[in-house]
Amino acid sequence: MKFYEIPQILEKEINHLETSIKAFKKGEIHPTKFRSIRVPFGSYEQRAQDTFMVRIRATAGGITPSQFEKVATCAKKYAKPIVHITTRQELQLHDVDLADIPQIMKELLSVGLSTRGGGGNTVRNIMASCDSGINPEEVFDVTPHAVALSSRLIAQSDSWNFPRKFKISFSSTKEDNALAVFNDLGFIARIKNGQKGFKVYTAGGLGCRPRLSKILHDFIRENEVYQVAKAVKNLFLIHGNRKSKNSARLRFLFEELGEKKFKALYEQEYAKTAKEPGLDLHLDQFENKNETSDFLPRFIQLNAFDLWKKRFVKNQKQEGLKSVLIPVASGDISSDNVIKLAQVLKNFGDNVIRLTMTQNIHIRNIPHEYLGNLFELVNELNTESHLPASGANMTICAGANTCTTGVCLPKGVALVIKKYLGSSGILDRLDPDFRINISGCPNSCAQHHIGDIGIFGRIARNNGKVLPGYWITAGASRSPDSRSFTQKCGWVPARNLPEAINQILDQYINVKKRYKNFKAYFDDIGKAEISTICKKYAGRVPLYKQDKNFYIDWGTTKEFTTAHMGHGECSAGIYDMIEVEMKNIKKNIENIKLPALEYLKEQFLWNIVFSGSTMLLITRGIDPESEEKIFGSFKKLFIGKKLVDEKFKPLINFAAQKDNEKLLKSENLVKEFGETMIKLYHSMDNSLRFPGEEIISRKAPEKKDNKGEKEVLFKDLRGVACPMNFVKTKVELSKITSGDTLKIFLDDGEPADNVPRSVISEGHKILLQEKTKEYWTIVIEKR
């Protein structure tokens with residue numbers, strides 16, 4: 001059974017990553033450039049130095065018992081012996097050594113699993129309702145659609161080169177239990193006139209700046225899913241903001257263009273995809289049935305067994321079959337527990353496991369008579385099956401334990417909150433689907449914007465001393481007819497958070513019967529009550545000398561500090577190199593002003609000219625390997641093209657000649673040059689064009705050969721690696737006008753596979769794609 005098809009090129013890509021890791025360790029690849037190679041493979045640097053996380057794709061949360069066992073085996077062999085379940089239904093391994101990452105990927109590949117697209121500006125894991133196919137109330141099973149679309153998109157090379165991450169989800173119920181409307185592209189199952197199809201939403205998302213999605217189609221037939229997804233994908237690829245990572249998500253493109261223009265551009269792209277074949281759904285592969293073989297059932301009669309069934313067992317729409325939720329604390333389950341679970345579940349077939357968006361494990365297709373076996377197994381594992389369902393739904397991100405952007409330690413405080421709510425009896429009185437979501441920072445990895453109570457970490461200060469704190473938000477609605485995000489109520493010190501949450505929910509429980517749900521309570525008197533509680537605790541922070549515990553986060557004995565906070569890696573890409581050089585310019589300009597560093601001024605001045613000359617060459621398709629080529633290319637492409645003033649040309653010559661004495665005499669001009677290059681960078685539009693540059697170049701005089709035929713522009717790109725070969729192709733296309741042609745040579749393999757697809761995604765047409773010996777000839781007609 002497969003939850004996605006592995007792209008044929010993946011093994012070669014893993015080998016390339018392995019080669020890049022070795023080169024990086026030798027110092028042959030810049031750290032930022034290496035990050036742009038590593039992150040799209042789902043490999044993120046952790047907070048602890050030289051440790052990494054690996055994220056594994058699991059479309060619709062689906063994974064077979066054998067695959068799950070392999071992931072756990074890799075965790076024991078190469079990482080921390082814990083398997084982490086994410087809110088996008090994926091799996092993560094932590095504390096991995098960089099050198100071991102390719103081997104992990106190869107072992108996962110052997111069982112049909114991939115990490116490709118686990119991070120970076122890529123098509124991320126495609127989600128679907130964890131009970132799709134078995135829910136008696138669903139419209140229809142959307143798992144085949146999610147799997148087919150995932151297989152189709154991850155086979156396309158341009159799916160790894162978006163302006164920012166691209167997230168998709170499928171819901172099988174009209175209540176949207178897969179949070180489709182909070183994604184870049186969401187499909188909610190519908191039936192219209194007896195025809196299966198979807199209501200389609202776009203431009204939604206969470207993060208620091210959440211947005212509700214907008215309706216793109218009230219109804220499409222199920223055989224139109226690929227065409228819709230491809231059209232939105234192409235729109236994002238062509239028009240997305242590649243300059244500013246903070247405004248690069250699809251939802252911000254929608255706001256920039258406005259609904260009318262966005263949809264007009266979408267219609268243009270849809271028209272191009274309308275004749276492409278639809279998805280091959282493989283419906284029989286996802287049939288839910290009893291696949292039990294020689295496995296003896298266990299019959300149990302205990303009160304605890306009955307309580308467990310009431311909390312975590314549901315009837316499937318397939319007669320005689322049950323589904324079981326296994327709640328996992330903070331999404332973490334030991335590798336030994338995973339292996340034990342997987343070995344038992346093999347007795348029930350391959351189509352038996354789904355990972356949930358609340359970081360739990362959902363088991364399906366269990367015959368009623370085998371529930372005793374599952375109950376005994378669950379009690380042997382370290383799970384939270386002893387808690388009410390509301391406790392199991394608490395969603396927690398990794399936080400500062402591993403994440404470089406994390407502020408607080410939500411895993412630590414979540415354990416204490418559960419103890420408070422459990423001992424007070426509140427968990428038993430909350431609705432089973434009540435959600436408390438806790439993120440370690442504003443980035444919403446735990447989806448705090450859509451919890452009944454949403455909590456996220458902050459840096460607080462008291463008398464000049466930093467301490468861990470949490471913002472408390474509440475009142476979200478996930479209901480289709482009243483969707484809304486949480487509203488901020490106030491903050492409390494981390495030390496007081498468990499007590500504050502207990503008090504908030506105690507007040508709610510006392511009046512719960514008067515309200516339809518928590519949202520109704522919040523809109524009436526809840527927000528005021530929660531704000532009052534927050535103010536009480538925020539105003540009582542003791543000084544450090546009075547109580548040091550307030551300056552230590554839950555789950556650690558170390559004093560809270562911001563010293564180890566780093567940057568996020570989701571935006572890793574080739575254009576990050578520009579920002580590296582820009583920061584170097586700014587740093588060296590500041591260093592010139594320091595009297596204590598006067599003796600290094602000549603070096604600082606040279607650094608400014610070097611970084612200024614280097615930073616924007618990549619926009620011209622140049623990746624020079626020597627100083628001589630850097631300075632020469634800059635003079636030709638920026639000063640020669642009048643993008644930069646001629647007066648700076650002597651500085652470039654001085655730097656090329658290492659004539660630091662003349663640079664020293666030109667100090668003010670050097671600083672002006674650095675500032676000019678930064679301004680030029682900020683003047684670029686979202687497609688990295690400078691003012692005055694046309695999307696379609698002016699018509700040049702037509703050249704003809706001896707036969708009177710129009711000449712075709714030619715560029716030999718053999719030996720040029722991805723993605724620079726595509727950048728160079730774009731540069732060559734900028735030299736010709738619409739309707740003219742460009743011929744290029746590309747190496748066999750990844751270049752010949754990637755570049756044509758990327759060219760097509762930008763609206764150009766491939767006229768010829770032909771292999772000659774060991775290379776390919778590609779002829780492109782410019783749009």
# chains A, B, ... in the order shown; residues from 1 in each chain; ligands from 1
$ residues_around --residues "Gly197 (chain A)" --least-positions-apart "3" --cutoff "8 Å" --atoms "only C-alpha atoms" --output "PyMOL selection string"
chain A and resi 189-192+219-223
$ write_last_selection --atoms "N, CA and C atoms" --output "CSV table (one decimal), in the first residue's frame"
chain,number,residue,atom,x,y,z
A,189,ALA,N,-15.3,18.2,0.8
A,189,ALA,CA,-16.1,17.3,0.0
A,189,ALA,C,-17.6,17.8,-0.1
A,190,ARG,N,-18.2,17.7,-1.3
A,190,ARG,CA,-19.6,18.0,-1.5
A,190,ARG,C,-20.1,17.0,-2.6
A,191,ILE,N,-21.4,16.9,-2.6
A,191,ILE,CA,-22.1,16.2,-3.7
A,191,ILE,C,-23.2,17.1,-4.2
A,192,LYS,N,-23.1,17.3,-5.5
A,192,LYS,CA,-24.1,18.2,-6.2
A,192,LYS,C,-24.7,17.4,-7.4
A,219,PHE,N,-18.2,24.8,-6.3
A,219,PHE,CA,-18.3,23.3,-6.5
A,219,PHE,C,-17.4,23.0,-7.8
A,220,ILE,N,-16.6,22.0,-7.6
A,220,ILE,CA,-15.9,21.5,-8.8
A,220,ILE,C,-16.1,20.0,-8.8
A,221,ARG,N,-16.1,19.3,-9.9
A,221,ARG,CA,-16.1,17.9,-10.0
A,221,ARG,C,-14.8,17.3,-9.5
A,222,GLU,N,-14.9,16.0,-9.0
A,222,GLU,CA,-13.7,15.4,-8.4
A,222,GLU,C,-12.6,15.2,-9.4
A,223,ASN,N,-12.9,15.2,-10.7
A,223,ASN,CA,-11.9,15.0,-11.7
A,223,ASN,C,-11.2,16.3,-12.1
$ residues_around --residues "Leu767 (chain A)" --least-positions-apart "2" --cutoff "10 Å" --atoms "only C-alpha atoms" --output "count of residues only"
11
$ residues_around --residues "region 598-607 of chain A" --least-positions-apart "6" --cutoff "7 Å" --atoms "only C-alpha atoms" --output "list in words"
Asn588, Ile592, Ala655, Asn660, Leu663, Leu664 and Val670 of chain A
$ select_by_dssp --residues "region 296-411 of chain A" --states "strand (DSSP E)" --output "list in words"
Val313, Lys314, Asn315, Leu321, Lys322, Ser323, Val324, Leu325, Ile326, Asp332, Ile333, Ser334, Ile353, Arg354, Leu355, Ile361, His362, Ile363, Arg364, Asn365, Ile366, Pro367, Thr395 and Ile396 of chain A
$ residues_around --residues "Asn183 (chain A)" --least-positions-apart "6" --cutoff "9 Å" --atoms "only C-alpha atoms" --output "number ranges by chain"
A: 166-169, 201-206, 212-213
$ residues_around --residues "Glu675 (chain A)" --least-positions-apart "6" --cutoff "9 Å" --atoms "only C-alpha atoms" --output "PyMOL selection string"
chain A and resi 585-586+612
$ closest_residue --among "A:Met724, A:Val71, A:Met357, A:Leu669" --to "Leu651 (chain A)" --atoms "only C-alpha atoms"
A:Leu669
$ closest_atom_pairs --of "region 279-390 of chain A" --to "region 84-106 of chain A" --cutoff "12 Å" --atoms "only C-alpha atoms" --output "CSV"
residue,atom,partner,partner_atom,distance
A:Pro327,CA,A:Ile85,CA,10.9
A:Val328,CA,A:Ile85,CA,8.6
A:Ala329,CA,A:His84,CA,9.8
A:Ser330,CA,A:His84,CA,8.2
A:Gly331,CA,A:Ile85,CA,4.7
A:Asp332,CA,A:His84,CA,4.5
A:Ile333,CA,A:His84,CA,6.5
A:Ser334,CA,A:His84,CA,8.6
A:Ser335,CA,A:His84,CA,9.6
A:Val338,CA,A:His84,CA,10.6
A:Ile353,CA,A:Gln89,CA,11.2
A:Arg354,CA,A:Gln89,CA,8.0
A:Leu355,CA,A:Gln89,CA,5.0
A:Thr356,CA,A:Gln89,CA,5.4
A:Met357,CA,A:Thr87,CA,4.3
A:Thr358,CA,A:Thr87,CA,5.9
A:Gln359,CA,A:Ile85,CA,5.0
A:Asn360,CA,A:Ile85,CA,6.9
A:Ile361,CA,A:Ile85,CA,8.4
A:His362,CA,A:Gln89,CA,10.8
$ residues_around --residues "Lys245 (chain A)" --least-positions-apart "3" --cutoff "8 Å" --atoms "only C-alpha atoms" --output "PDB file with N, CA, C and O atoms, in the first residue's frame"
ATOM      1  N   PRO A 163       7.733  30.671  -3.966  1.00  0.00           N
ATOM      2  CA  PRO A 163       8.198  31.823  -3.190  1.00  0.00           C
ATOM      3  C   PRO A 163       8.201  31.534  -1.685  1.00  0.00           C
ATOM      4  O   PRO A 163       9.030  32.048  -0.940  1.00  0.00           O
ATOM      5  N   ARG A 164       7.253  30.695  -1.236  1.00  0.00           N
ATOM      6  CA  ARG A 164       7.150  30.285   0.171  1.00  0.00           C
ATOM      7  C   ARG A 164       6.444  28.940   0.205  1.00  0.00           C
ATOM      8  O   ARG A 164       5.990  28.429  -0.816  1.00  0.00           O
ATOM      9  N   ASN A 241       5.659  36.648  -4.295  1.00  0.00           N
ATOM     10  CA  ASN A 241       6.697  37.588  -3.868  1.00  0.00           C
ATOM     11  C   ASN A 241       7.952  36.818  -3.462  1.00  0.00           C
ATOM     12  O   ASN A 241       8.005  36.200  -2.413  1.00  0.00           O
ATOM     13  N   ARG A 242       8.981  36.849  -4.277  1.00  0.00           N
ATOM     14  CA  ARG A 242      10.234  36.149  -3.979  1.00  0.00           C
ATOM     15  C   ARG A 242      11.255  37.054  -3.304  1.00  0.00           C
ATOM     16  O   ARG A 242      12.359  36.611  -2.980  1.00  0.00           O
ATOM     17  N   ALA A 248       5.532  36.625   1.550  1.00  0.00           N
ATOM     18  CA  ALA A 248       5.625  35.742   0.400  1.00  0.00           C
ATOM     19  C   ALA A 248       4.555  34.655   0.342  1.00  0.00           C
ATOM     20  O   ALA A 248       4.440  33.971  -0.662  1.00  0.00           O
ATOM     21  N   ARG A 249       3.766  34.479   1.407  1.00  0.00           N
ATOM     22  CA  ARG A 249       2.752  33.427   1.376  1.00  0.00           C
ATOM     23  C   ARG A 249       1.635  33.784   0.398  1.00  0.00           C
ATOM     24  O   ARG A 249       1.400  34.958   0.073  1.00  0.00           O
ATOM     25  N   SER A 571      12.225  29.617   5.203  1.00  0.00           N
ATOM     26  CA  SER A 571      12.359  30.456   4.018  1.00  0.00           C
ATOM     27  C   SER A 571      13.679  30.233   3.299  1.00  0.00           C
ATOM     28  O   SER A 571      14.054  31.014   2.435  1.00  0.00           O
TER      29      SER A 571
END
$ select_by_dssp --residues "region 50-224 of chain A" --states "alpha helix (DSSP H)" --output "number ranges by chain"
A: 65-78, 101-109, 143-154
$ write_last_selection --atoms "N, CA and C atoms" --output "short mmCIF file (atom, residue, chain, number, x, y, z; two decimals), in the first residue's frame"
data_model
loop_
_atom_site.label_atom_id
_atom_site.label_comp_id
_atom_site.auth_asym_id
_atom_site.auth_seq_id
_atom_site.Cartn_x
_atom_site.Cartn_y
_atom_site.Cartn_z
N PRO A 65 2.01 -0.11 8.97
CA PRO A 65 2.75 -0.58 10.15
C PRO A 65 4.23 -0.82 9.87
N SER A 66 4.55 -1.38 8.72
CA SER A 66 5.96 -1.63 8.38
C SER A 66 6.74 -0.33 8.22
N GLN A 67 6.12 0.67 7.61
CA GLN A 67 6.78 1.97 7.47
C GLN A 67 6.98 2.63 8.83
N PHE A 68 5.95 2.55 9.68
CA PHE A 68 6.04 3.13 11.02
C PHE A 68 7.19 2.46 11.80
N GLU A 69 7.29 1.17 11.65
CA GLU A 69 8.37 0.43 12.33
C GLU A 69 9.74 0.87 11.82
N LYS A 70 9.87 1.09 10.52
CA LYS A 70 11.14 1.55 9.96
C LYS A 70 11.52 2.92 10.50
N VAL A 71 10.54 3.83 10.61
CA VAL A 71 10.82 5.15 11.18
C VAL A 71 11.35 5.01 12.61
N ALA A 72 10.72 4.16 13.40
CA ALA A 72 11.15 3.95 14.78
C ALA A 72 12.54 3.33 14.85
N THR A 73 12.82 2.42 13.94
CA THR A 73 14.15 1.80 13.89
C THR A 73 15.21 2.84 13.57
N CYS A 74 14.92 3.75 12.66
CA CYS A 74 15.85 4.83 12.33
C CYS A 74 16.06 5.74 13.54
N ALA A 75 14.98 5.99 14.30
CA ALA A 75 15.10 6.82 15.50
C ALA A 75 16.05 6.17 16.51
N LYS A 76 15.92 4.88 16.70
CA LYS A 76 16.80 4.17 17.64
C LYS A 76 18.25 4.17 17.16
N LYS A 77 18.43 4.07 15.87
CA LYS A 77 19.77 3.91 15.30
C LYS A 77 20.51 5.23 15.11
N TYR A 78 19.78 6.29 14.71
CA TYR A 78 20.45 7.52 14.30
C TYR A 78 20.05 8.75 15.10
N ILE A 101 22.06 11.99 7.95
CA ILE A 101 20.81 12.32 7.28
C ILE A 101 20.63 11.56 5.97
N PRO A 102 21.62 11.50 5.07
CA PRO A 102 21.41 10.75 3.82
C PRO A 102 21.11 9.27 4.05
N GLN A 103 21.77 8.66 5.04
CA GLN A 103 21.52 7.25 5.30
C GLN A 103 20.10 7.02 5.81
N ILE A 104 19.62 7.93 6.66
CA ILE A 104 18.23 7.85 7.12
C ILE A 104 17.29 7.91 5.93
N MET A 105 17.56 8.86 5.03
CA MET A 105 16.70 9.02 3.85
C MET A 105 16.71 7.77 2.98
N LYS A 106 17.86 7.13 2.86
CA LYS A 106 17.96 5.92 2.05
C LYS A 106 17.18 4.77 2.69
N GLU A 107 17.25 4.66 4.00
CA GLU A 107 16.50 3.60 4.69
C GLU A 107 15.00 3.85 4.60
N LEU A 108 14.59 5.11 4.71
CA LEU A 108 13.18 5.42 4.56
C LEU A 108 12.71 5.14 3.13
N LEU A 109 13.56 5.47 2.17
CA LEU A 109 13.23 5.24 0.76
C LEU A 109 12.98 3.76 0.50
N THR A 143 -9.35 10.46 0.90
CA THR A 143 -7.97 9.97 0.94
C THR A 143 -7.39 9.73 -0.45
N PRO A 144 -8.12 9.07 -1.36
CA PRO A 144 -7.54 8.85 -2.70
C PRO A 144 -7.18 10.14 -3.41
N HIS A 145 -7.94 11.19 -3.20
CA HIS A 145 -7.67 12.46 -3.86
C HIS A 145 -6.39 13.10 -3.30
N ALA A 146 -6.24 13.06 -1.98
CA ALA A 146 -5.05 13.62 -1.35
C ALA A 146 -3.80 12.87 -1.79
N VAL A 147 -3.90 11.55 -1.85
CA VAL A 147 -2.75 10.73 -2.23
C VAL A 147 -2.38 10.94 -3.70
N ALA A 148 -3.37 10.94 -4.56
CA ALA A 148 -3.11 11.11 -5.99
C ALA A 148 -2.53 12.49 -6.29
N LEU A 149 -3.06 13.52 -5.64
CA LEU A 149 -2.54 14.87 -5.87
C LEU A 149 -1.12 14.99 -5.34
N SER A 150 -0.86 14.40 -4.18
CA SER A 150 0.49 14.43 -3.62
C SER A 150 1.48 13.78 -4.56
N SER A 151 1.15 12.59 -5.05
CA SER A 151 2.05 11.87 -5.97
C SER A 151 2.32 12.69 -7.22
N ARG A 152 1.29 13.35 -7.72
CA ARG A 152 1.43 14.13 -8.96
C ARG A 152 2.32 15.36 -8.74
N LEU A 153 2.08 16.07 -7.64
CA LEU A 153 2.82 17.32 -7.41
C LEU A 153 4.27 17.09 -7.03
N ILE A 154 4.54 16.08 -6.19
CA ILE A 154 5.93 15.90 -5.76
C ILE A 154 6.80 15.32 -6.86
#
$ residues_around --residues "region 438-440 of chain A" --least-positions-apart "2" --cutoff "10 Å" --atoms "only C-alpha atoms" --output "short mmCIF file (atom, residue, chain, number, x, y, z; two decimals) with N, CA, C and O atoms, in the first residue's frame"
data_model
loop_
_atom_site.label_atom_id
_atom_site.label_comp_id
_atom_site.auth_asym_id
_atom_site.auth_seq_id
_atom_site.Cartn_x
_atom_site.Cartn_y
_atom_site.Cartn_z
N SER A 330 2.12 15.30 23.84
CA SER A 330 2.88 16.28 23.04
C SER A 330 3.32 15.72 21.70
O SER A 330 4.27 16.22 21.10
N MET A 394 -5.09 18.24 23.51
CA MET A 394 -4.18 19.36 23.76
C MET A 394 -3.00 19.27 22.79
O MET A 394 -2.31 18.25 22.72
N THR A 395 -2.77 20.33 22.03
CA THR A 395 -1.75 20.33 20.98
C THR A 395 -0.59 21.23 21.39
O THR A 395 -0.80 22.38 21.78
N ILE A 396 0.62 20.68 21.28
CA ILE A 396 1.80 21.38 21.79
C ILE A 396 2.93 21.29 20.78
O ILE A 396 3.22 20.21 20.27
N CYS A 397 3.58 22.40 20.48
CA CYS A 397 4.72 22.36 19.57
C CYS A 397 6.00 22.00 20.33
O CYS A 397 6.01 21.94 21.57
N ALA A 398 7.09 21.80 19.60
CA ALA A 398 8.36 21.41 20.22
C ALA A 398 8.94 22.53 21.07
O ALA A 398 9.59 22.29 22.09
N GLY A 399 8.72 23.77 20.66
CA GLY A 399 9.21 24.91 21.42
C GLY A 399 10.72 24.99 21.47
O GLY A 399 11.43 24.43 20.64
N ALA A 400 11.20 25.70 22.49
CA ALA A 400 12.64 25.98 22.59
C ALA A 400 13.47 24.76 22.96
O ALA A 400 14.70 24.86 23.00
N ASN A 401 12.83 23.62 23.20
CA ASN A 401 13.60 22.40 23.42
C ASN A 401 14.51 22.11 22.22
O ASN A 401 15.65 21.70 22.38
N CYS A 403 13.57 23.87 18.70
CA CYS A 403 13.35 24.84 17.63
C CYS A 403 14.18 26.10 17.82
O CYS A 403 14.23 26.67 18.92
N THR A 405 13.58 29.05 16.69
CA THR A 405 12.77 30.25 16.91
C THR A 405 11.97 30.19 18.20
O THR A 405 11.29 31.14 18.55
N GLY A 406 11.99 29.05 18.88
CA GLY A 406 11.20 28.88 20.08
C GLY A 406 11.58 29.86 21.18
O GLY A 406 12.76 30.15 21.39
N VAL A 407 10.58 30.35 21.90
CA VAL A 407 10.81 31.25 23.03
C VAL A 407 10.68 30.47 24.34
O VAL A 407 11.56 30.52 25.20
N CYS A 408 9.58 29.75 24.49
CA CYS A 408 9.30 29.03 25.73
C CYS A 408 9.29 27.51 25.50
O CYS A 408 9.51 27.03 24.40
N LEU A 409 9.03 26.78 26.60
CA LEU A 409 9.04 25.32 26.58
C LEU A 409 7.62 24.79 26.81
O LEU A 409 7.26 24.40 27.92
N PRO A 410 6.78 24.77 25.78
CA PRO A 410 5.37 24.38 25.95
C PRO A 410 5.18 22.94 26.41
O PRO A 410 4.20 22.63 27.08
N LYS A 411 6.10 22.04 26.07
CA LYS A 411 5.96 20.65 26.50
C LYS A 411 5.98 20.55 28.02
O LYS A 411 5.22 19.78 28.62
N VAL A 413 5.24 22.95 30.29
CA VAL A 413 4.09 23.55 30.95
C VAL A 413 2.81 22.77 30.67
O VAL A 413 1.90 22.71 31.50
N ALA A 414 2.73 22.10 29.50
CA ALA A 414 1.54 21.32 29.17
C ALA A 414 1.32 20.18 30.15
O ALA A 414 0.18 19.89 30.55
N ARG A 435 -10.36 22.20 22.65
CA ARG A 435 -8.94 22.25 22.28
C ARG A 435 -8.19 23.34 23.01
O ARG A 435 -8.61 24.51 23.02
N ILE A 436 -7.07 22.95 23.60
CA ILE A 436 -6.09 23.89 24.14
C ILE A 436 -4.83 23.72 23.30
O ILE A 436 -4.26 22.63 23.23
N PRO A 442 5.19 32.99 18.48
CA PRO A 442 4.01 33.43 17.71
C PRO A 442 3.75 32.67 16.42
O PRO A 442 2.74 32.90 15.76
N ASN A 443 4.63 31.74 16.01
CA ASN A 443 4.54 31.16 14.67
C ASN A 443 3.43 30.13 14.47
O ASN A 443 3.27 29.60 13.40
N SER A 444 2.70 29.79 15.49
CA SER A 444 1.48 28.98 15.37
C SER A 444 1.71 27.55 14.89
O SER A 444 0.85 26.97 14.25
N CYS A 445 2.87 26.96 15.22
CA CYS A 445 3.09 25.55 14.85
C CYS A 445 2.10 24.65 15.57
O CYS A 445 1.79 23.57 15.10
N ALA A 446 1.62 25.08 16.74
CA ALA A 446 0.59 24.30 17.45
C ALA A 446 -0.81 24.83 17.17
O ALA A 446 -1.76 24.48 17.85
N GLN A 447 -0.93 25.70 16.16
CA GLN A 447 -2.23 26.19 15.69
C GLN A 447 -3.02 26.91 16.78
O GLN A 447 -4.23 26.75 16.91
N HIS A 448 -2.31 27.76 17.56
CA HIS A 448 -3.00 28.43 18.68
C HIS A 448 -4.09 29.39 18.22
O HIS A 448 -4.98 29.74 19.00
N HIS A 449 -4.04 29.80 16.95
CA HIS A 449 -5.07 30.73 16.45
C HIS A 449 -6.44 30.08 16.33
O HIS A 449 -7.45 30.79 16.23
N GLY A 451 -7.54 27.36 18.45
CA GLY A 451 -7.93 26.61 19.64
C GLY A 451 -9.10 27.29 20.35
O GLY A 451 -9.36 28.47 20.13
N ILE A 453 -8.88 27.64 23.50
CA ILE A 453 -7.90 28.49 24.17
C ILE A 453 -6.58 28.32 23.43
O ILE A 453 -6.09 27.20 23.26
N GLY A 454 -6.02 29.41 22.96
CA GLY A 454 -4.75 29.39 22.25
C GLY A 454 -3.69 30.14 23.05
O GLY A 454 -3.93 31.25 23.52
N ILE A 455 -2.53 29.53 23.21
CA ILE A 455 -1.48 30.08 24.07
C ILE A 455 -0.18 30.11 23.27
O ILE A 455 0.13 29.14 22.57
N PHE A 456 0.58 31.20 23.35
CA PHE A 456 1.88 31.20 22.69
C PHE A 456 2.91 31.99 23.50
O PHE A 456 2.59 32.95 24.21
N GLY A 457 4.16 31.54 23.39
CA GLY A 457 5.23 32.07 24.23
C GLY A 457 5.63 33.49 23.89
O GLY A 457 5.51 33.94 22.74
N ARG A 458 6.12 34.19 24.91
CA ARG A 458 6.63 35.54 24.73
C ARG A 458 7.78 35.79 25.70
O ARG A 458 7.94 35.08 26.70
N GLY A 469 7.05 34.03 29.45
CA GLY A 469 5.64 34.35 29.62
C GLY A 469 4.83 33.77 28.48
O GLY A 469 5.38 33.27 27.49
N TYR A 470 3.52 33.82 28.60
CA TYR A 470 2.63 33.32 27.56
C TYR A 470 1.46 34.29 27.35
O TYR A 470 0.85 34.75 28.32
N TRP A 471 1.19 34.57 26.08
CA TRP A 471 -0.05 35.26 25.73
C TRP A 471 -1.18 34.25 25.76
O TRP A 471 -1.03 33.13 25.28
N ILE A 472 -2.29 34.64 26.32
CA ILE A 472 -3.49 33.80 26.31
C ILE A 472 -4.49 34.41 25.34
O ILE A 472 -4.88 35.58 25.47
#
$ closest_residue --among "A:Leu253, A:Leu265, A:Leu467, A:Leu768" --to "Lys548 (chain A)" --atoms "only C-alpha atoms"
A:Leu467
$ atom_distance --atom1 "CA of Ile417 (chain A)" --atom2 "CA of Gly207 (chain A)"
23.9 Å
